[in-house]
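Enquirer: Can you keep this structure in mind? I'll have questions shortly.
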Amino acid sequence: MSGSFTYAAFISRLQSAECANLDAWIRDRRKRLCATGVSELEGEVQNFFCDAEGEFEGHPLWLGCDQDERDRTYDHIEKFVMSKLHDRIFGADEQLECRQLSEHLSCLKFVEPAHLCIPTSLLEYYPWREAQQELLKMQSYYTPRDKLVCILNCCKRINASLFSQTCGAHGADEFFPLLIYVVLQASPPRLQMTLEYISRFRHPRRLVAESAYYLTHMQSALVFVSSLTADQLSIDHAEFHRLAAAPSRTANEHGMRDAVEWRNGPIVCTSDL
């Protein structure tokens with residue numbers, strides 16, 4: 001196995017005669033997970049990941065594989081199960097808390113870089129549309145890994161714009177306000193549910209290092225915008241309430257209501273997840 005070990009190649013190998021018992025085992029476990037109550041799924045899925053790790057690493061076709069091969073296998077195992085569980089977890093009934101957050105974010109689209117004290121020197125790539133598009137793509141994918149890739153790509157686009165302006169002399173103090181601005185302008189649907197889905201169901205061995213770092217930043221951004229008031233912005237209280245009460249008119253005035261178009265193509269990740 002190598003970088004060419006795609007999900008299709010994984011399924012093909014799993015269906016080979018040599019993997020008959022392993023194939024039967026993983027399909028039976030998936031069937032049992034699909035019959036598990038949603039409230040119990042997190043623990044059951046994590047138990048499955050742990051068990052699957054032992055089953056695959058002990059199989060002759062996976063013996064001796066390197067770390068990259070194991071990581072790709074973990075990703076494929078996650079996709080094999082979570083692509084079937086996604087719709088059940090998200091469900092047709094959106095949580096009241098998520099609907100309230102969406103309404104709250106829509107009222108904050110008037111926020112401009114200056115309100116977040118973002119220096120004018122960093123505005124060359126305003127409004128960082130590509131980073132916003134990455135967040136909007138999350139709803140089109142089914143696995144924790146694929147949704148997390150969108151977050152990483154969003155954060156890396158922000159960092160790239162910062163790097164071009166600061167030659168790398170920037171840190172969290174410059175990055176975080178930009179991330180908040182991008183989240184507010186993108187206002188991705190079901191953001192809270194998506195972040196919970198990733199943290200609860202991403203394969204634990206794959207939610208480390210850079211992935212964990214940027215997910216934590218996104219979770220912090222969510223906490224910030226969820227309780228955002230005039231006190232956290234560089235804006236007069238009366239002006240804040242006036243603009244928040246008229247999101248539609250304000251969005252049109254500032255030209256921030258352009259439809260975001262994107263092509264639902266293959267995910268391109270700038271780093272290994």
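Ligands are numbered from 1 in the order shown, residues from 1 within each chain, and chains are lettered A, B, ... in the order they appear in the structure tokens.
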If you run DSSP on the backbone, which residues of range 29-101 of chain A are helix (DSSP H, G or I), as a short mmCIF file (atom, residue, chain, number, x, y, z; two decimals) with N, CA, C and O atoms, in the first residue's frame?
Expert:
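Result saved to states_11.cif:
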```cif
data_model
loop_
_atom_site.label_atom_id
_atom_site.label_comp_id
_atom_site.auth_asym_id
_atom_site.auth_seq_id
_atom_site.Cartn_x
_atom_site.Cartn_y
_atom_site.Cartn_z
N ARG A 29 -20.27 -5.68 12.19
CA ARG A 29 -20.15 -4.60 13.17
C ARG A 29 -20.86 -3.34 12.68
O ARG A 29 -21.50 -2.63 13.46
N ARG A 30 -20.72 -3.04 11.40
CA ARG A 30 -21.40 -1.86 10.86
C ARG A 30 -22.91 -2.02 10.96
O ARG A 30 -23.63 -1.07 11.30
N LYS A 31 -23.40 -3.21 10.67
CA LYS A 31 -24.84 -3.46 10.77
C LYS A 31 -25.33 -3.26 12.19
O LYS A 31 -26.40 -2.67 12.42
N ARG A 32 -24.55 -3.71 13.14
CA ARG A 32 -24.92 -3.53 14.55
C ARG A 32 -24.89 -2.07 14.95
O ARG A 32 -25.75 -1.60 15.72
N LEU A 33 -23.93 -1.32 14.45
CA LEU A 33 -23.86 0.12 14.74
C LEU A 33 -25.06 0.85 14.16
O LEU A 33 -25.59 1.78 14.78
N CYS A 34 -25.48 0.44 12.99
CA CYS A 34 -26.64 1.09 12.35
C CYS A 34 -27.92 0.85 13.14
O CYS A 34 -28.89 1.59 12.98
N VAL A 38 -28.87 6.49 18.73
CA VAL A 38 -27.96 7.61 18.46
C VAL A 38 -27.23 8.05 19.72
O VAL A 38 -26.05 8.39 19.68
N SER A 39 -27.93 8.03 20.86
CA SER A 39 -27.31 8.48 22.11
C SER A 39 -26.17 7.57 22.56
O SER A 39 -25.33 7.98 23.35
N GLU A 40 -26.14 6.35 22.05
CA GLU A 40 -25.11 5.40 22.44
C GLU A 40 -24.02 5.24 21.40
O GLU A 40 -23.04 4.51 21.61
N LEU A 41 -24.17 5.92 20.27
CA LEU A 41 -23.27 5.67 19.15
C LEU A 41 -21.83 6.07 19.41
O LEU A 41 -20.91 5.39 18.96
N GLU A 42 -21.61 7.18 20.09
CA GLU A 42 -20.24 7.64 20.28
C GLU A 42 -19.37 6.57 20.91
O GLU A 42 -18.29 6.23 20.40
N GLY A 43 -19.82 6.02 22.02
CA GLY A 43 -19.04 5.00 22.69
C GLY A 43 -18.89 3.74 21.86
O GLY A 43 -17.81 3.15 21.81
N GLU A 44 -19.97 3.35 21.19
CA GLU A 44 -19.93 2.13 20.37
C GLU A 44 -19.00 2.30 19.17
O GLU A 44 -18.28 1.37 18.79
N VAL A 45 -19.03 3.47 18.55
CA VAL A 45 -18.16 3.72 17.40
C VAL A 45 -16.70 3.71 17.84
O VAL A 45 -15.84 3.13 17.16
N GLN A 46 -16.39 4.34 18.95
CA GLN A 46 -15.01 4.37 19.43
C GLN A 46 -14.54 2.96 19.81
O GLN A 46 -13.37 2.60 19.57
N ASN A 47 -15.43 2.15 20.38
CA ASN A 47 -15.08 0.76 20.67
C ASN A 47 -14.81 0.00 19.38
O ASN A 47 -13.88 -0.82 19.30
N PHE A 48 -15.62 0.27 18.38
CA PHE A 48 -15.43 -0.37 17.07
C PHE A 48 -14.06 0.00 16.49
O PHE A 48 -13.34 -0.87 15.97
N PHE A 49 -13.70 1.27 16.54
CA PHE A 49 -12.40 1.70 16.02
C PHE A 49 -11.27 0.94 16.71
O PHE A 49 -10.31 0.49 16.07
N CYS A 50 -11.38 0.80 18.02
CA CYS A 50 -10.35 0.10 18.79
C CYS A 50 -10.27 -1.37 18.37
O CYS A 50 -9.18 -1.91 18.14
N ASP A 51 -11.42 -2.01 18.25
CA ASP A 51 -11.46 -3.42 17.86
C ASP A 51 -10.95 -3.60 16.42
O ASP A 51 -10.21 -4.55 16.13
N ALA A 52 -11.37 -2.69 15.54
CA ALA A 52 -10.97 -2.81 14.13
C ALA A 52 -9.47 -2.66 13.97
O ALA A 52 -8.85 -3.32 13.13
N GLU A 53 -8.89 -1.82 14.79
CA GLU A 53 -7.44 -1.63 14.75
C GLU A 53 -6.71 -2.95 14.97
O GLU A 53 -5.79 -3.31 14.23
N GLY A 54 -7.16 -3.71 15.97
CA GLY A 54 -6.54 -4.99 16.24
C GLY A 54 -6.80 -6.01 15.15
O GLY A 54 -5.90 -6.77 14.76
N GLU A 55 -8.03 -6.01 14.61
CA GLU A 55 -8.38 -6.96 13.57
C GLU A 55 -7.55 -6.74 12.30
O GLU A 55 -7.06 -7.70 11.69
N PHE A 56 -7.40 -5.49 11.91
CA PHE A 56 -6.69 -5.20 10.67
C PHE A 56 -5.18 -5.34 10.82
O PHE A 56 -4.52 -5.91 9.94
N GLU A 57 -4.65 -4.83 11.92
CA GLU A 57 -3.20 -4.90 12.08
C GLU A 57 -2.72 -6.34 12.29
O GLU A 57 -1.54 -6.64 12.05
N GLN A 67 3.51 3.35 8.91
CA GLN A 67 2.54 4.23 9.58
C GLN A 67 1.60 4.89 8.59
O GLN A 67 0.40 5.05 8.86
N ASP A 68 2.12 5.30 7.43
CA ASP A 68 1.26 5.93 6.43
C ASP A 68 0.16 4.97 5.97
O ASP A 68 -0.99 5.37 5.80
N GLU A 69 0.52 3.72 5.79
CA GLU A 69 -0.46 2.72 5.36
C GLU A 69 -1.51 2.49 6.43
O GLU A 69 -2.70 2.34 6.15
N ARG A 70 -1.07 2.46 7.69
CA ARG A 70 -2.01 2.28 8.79
C ARG A 70 -2.96 3.48 8.88
O ARG A 70 -4.17 3.31 9.08
N ASP A 71 -2.42 4.69 8.71
CA ASP A 71 -3.25 5.88 8.78
C ASP A 71 -4.33 5.89 7.70
O ASP A 71 -5.48 6.24 7.96
N ARG A 72 -3.95 5.49 6.51
CA ARG A 72 -4.93 5.44 5.42
C ARG A 72 -5.99 4.37 5.70
O ARG A 72 -7.16 4.56 5.38
N THR A 73 -5.57 3.29 6.28
CA THR A 73 -6.53 2.24 6.64
C THR A 73 -7.52 2.76 7.68
O THR A 73 -8.73 2.51 7.58
N TYR A 74 -7.02 3.48 8.70
CA TYR A 74 -7.91 4.06 9.71
C TYR A 74 -8.95 4.98 9.06
O TYR A 74 -10.13 4.95 9.42
N ASP A 75 -8.49 5.81 8.11
CA ASP A 75 -9.40 6.72 7.42
C ASP A 75 -10.48 5.95 6.65
O ASP A 75 -11.65 6.33 6.64
N HIS A 76 -10.08 4.88 6.00
CA HIS A 76 -11.02 4.10 5.21
C HIS A 76 -12.01 3.35 6.09
O HIS A 76 -13.20 3.24 5.75
N ILE A 77 -11.54 2.87 7.23
CA ILE A 77 -12.44 2.21 8.18
C ILE A 77 -13.48 3.22 8.68
O ILE A 77 -14.68 2.92 8.77
N GLU A 78 -13.01 4.42 9.00
CA GLU A 78 -13.93 5.47 9.44
C GLU A 78 -14.98 5.75 8.37
O GLU A 78 -16.18 5.84 8.66
N LYS A 79 -14.55 5.88 7.14
CA LYS A 79 -15.49 6.18 6.05
C LYS A 79 -16.47 5.03 5.85
O LYS A 79 -17.66 5.26 5.58
N PHE A 80 -16.00 3.82 5.96
CA PHE A 80 -16.83 2.64 5.77
C PHE A 80 -18.03 2.65 6.72
O PHE A 80 -19.14 2.25 6.35
N VAL A 81 -17.81 3.13 7.93
CA VAL A 81 -18.87 3.14 8.94
C VAL A 81 -19.63 4.47 8.97
O VAL A 81 -20.86 4.49 8.94
N MET A 82 -18.90 5.58 9.02
CA MET A 82 -19.55 6.87 9.26
C MET A 82 -20.37 7.36 8.07
O MET A 82 -21.32 8.13 8.25
N SER A 83 -20.05 6.94 6.86
CA SER A 83 -20.87 7.33 5.72
C SER A 83 -22.28 6.74 5.83
O SER A 83 -23.24 7.27 5.27
N LYS A 84 -22.41 5.65 6.58
CA LYS A 84 -23.71 5.03 6.81
C LYS A 84 -24.44 5.65 8.01
O LYS A 84 -25.66 5.62 8.08
N LEU A 85 -23.68 6.20 8.95
CA LEU A 85 -24.27 6.71 10.19
C LEU A 85 -24.55 8.22 10.15
O LEU A 85 -25.29 8.73 10.99
N HIS A 86 -23.96 8.91 9.21
CA HIS A 86 -24.04 10.37 9.16
C HIS A 86 -25.47 10.89 9.25
O HIS A 86 -25.80 11.74 10.08
N ASP A 87 -26.33 10.40 8.37
CA ASP A 87 -27.70 10.94 8.32
C ASP A 87 -28.47 10.66 9.60
O ASP A 87 -29.30 11.48 10.02
N ARG A 88 -28.20 9.53 10.23
CA ARG A 88 -28.87 9.23 11.49
C ARG A 88 -28.43 10.17 12.59
O ARG A 88 -29.24 10.60 13.42
N ILE A 89 -27.15 10.49 12.60
CA ILE A 89 -26.61 11.35 13.66
C ILE A 89 -27.11 12.78 13.49
O ILE A 89 -27.54 13.43 14.45
N PHE A 90 -27.07 13.27 12.26
CA PHE A 90 -27.55 14.64 12.03
C PHE A 90 -29.07 14.69 12.04
O PHE A 90 -29.66 15.61 12.58
N LEU A 96 -32.69 22.71 18.30
CA LEU A 96 -33.11 24.09 18.52
C LEU A 96 -31.90 24.99 18.71
O LEU A 96 -31.85 26.11 18.19
N GLU A 97 -30.91 24.49 19.43
CA GLU A 97 -29.70 25.28 19.70
C GLU A 97 -28.99 25.63 18.41
O GLU A 97 -28.47 26.75 18.26
N CYS A 98 -28.97 24.69 17.43
CA CYS A 98 -28.32 24.96 16.15
C CYS A 98 -29.09 26.00 15.35
O CYS A 98 -28.49 26.86 14.70
N ARG A 99 -30.41 25.92 15.38
CA ARG A 99 -31.22 26.91 14.66
C ARG A 99 -31.02 28.29 15.26
O ARG A 99 -30.93 29.29 14.54
N GLN A 100 -30.96 28.35 16.57
CA GLN A 100 -30.74 29.64 17.23
C GLN A 100 -29.37 30.21 16.89
O GLN A 100 -29.23 31.43 16.68
N LEU A 101 -28.36 29.33 16.81
CA LEU A 101 -27.03 29.80 16.43
C LEU A 101 -27.03 30.33 15.01
O LEU A 101 -26.42 31.38 14.74
#
```
Enquirer: Record the distance separating CA of Val183 in chain A and CA of Val208 in chain A, expressed in Å with one decimal.
Expert: 22.7 Å
Enquirer: Can you tell me which residues surround range 238-246 of chain A at a distance of at most 7 Å, considering only C-alpha atoms, apart from same-chain residues fewer than 5 positions away, and format the answer as a ChimeraX atom specification?
Expert: /A:107-108,110,230
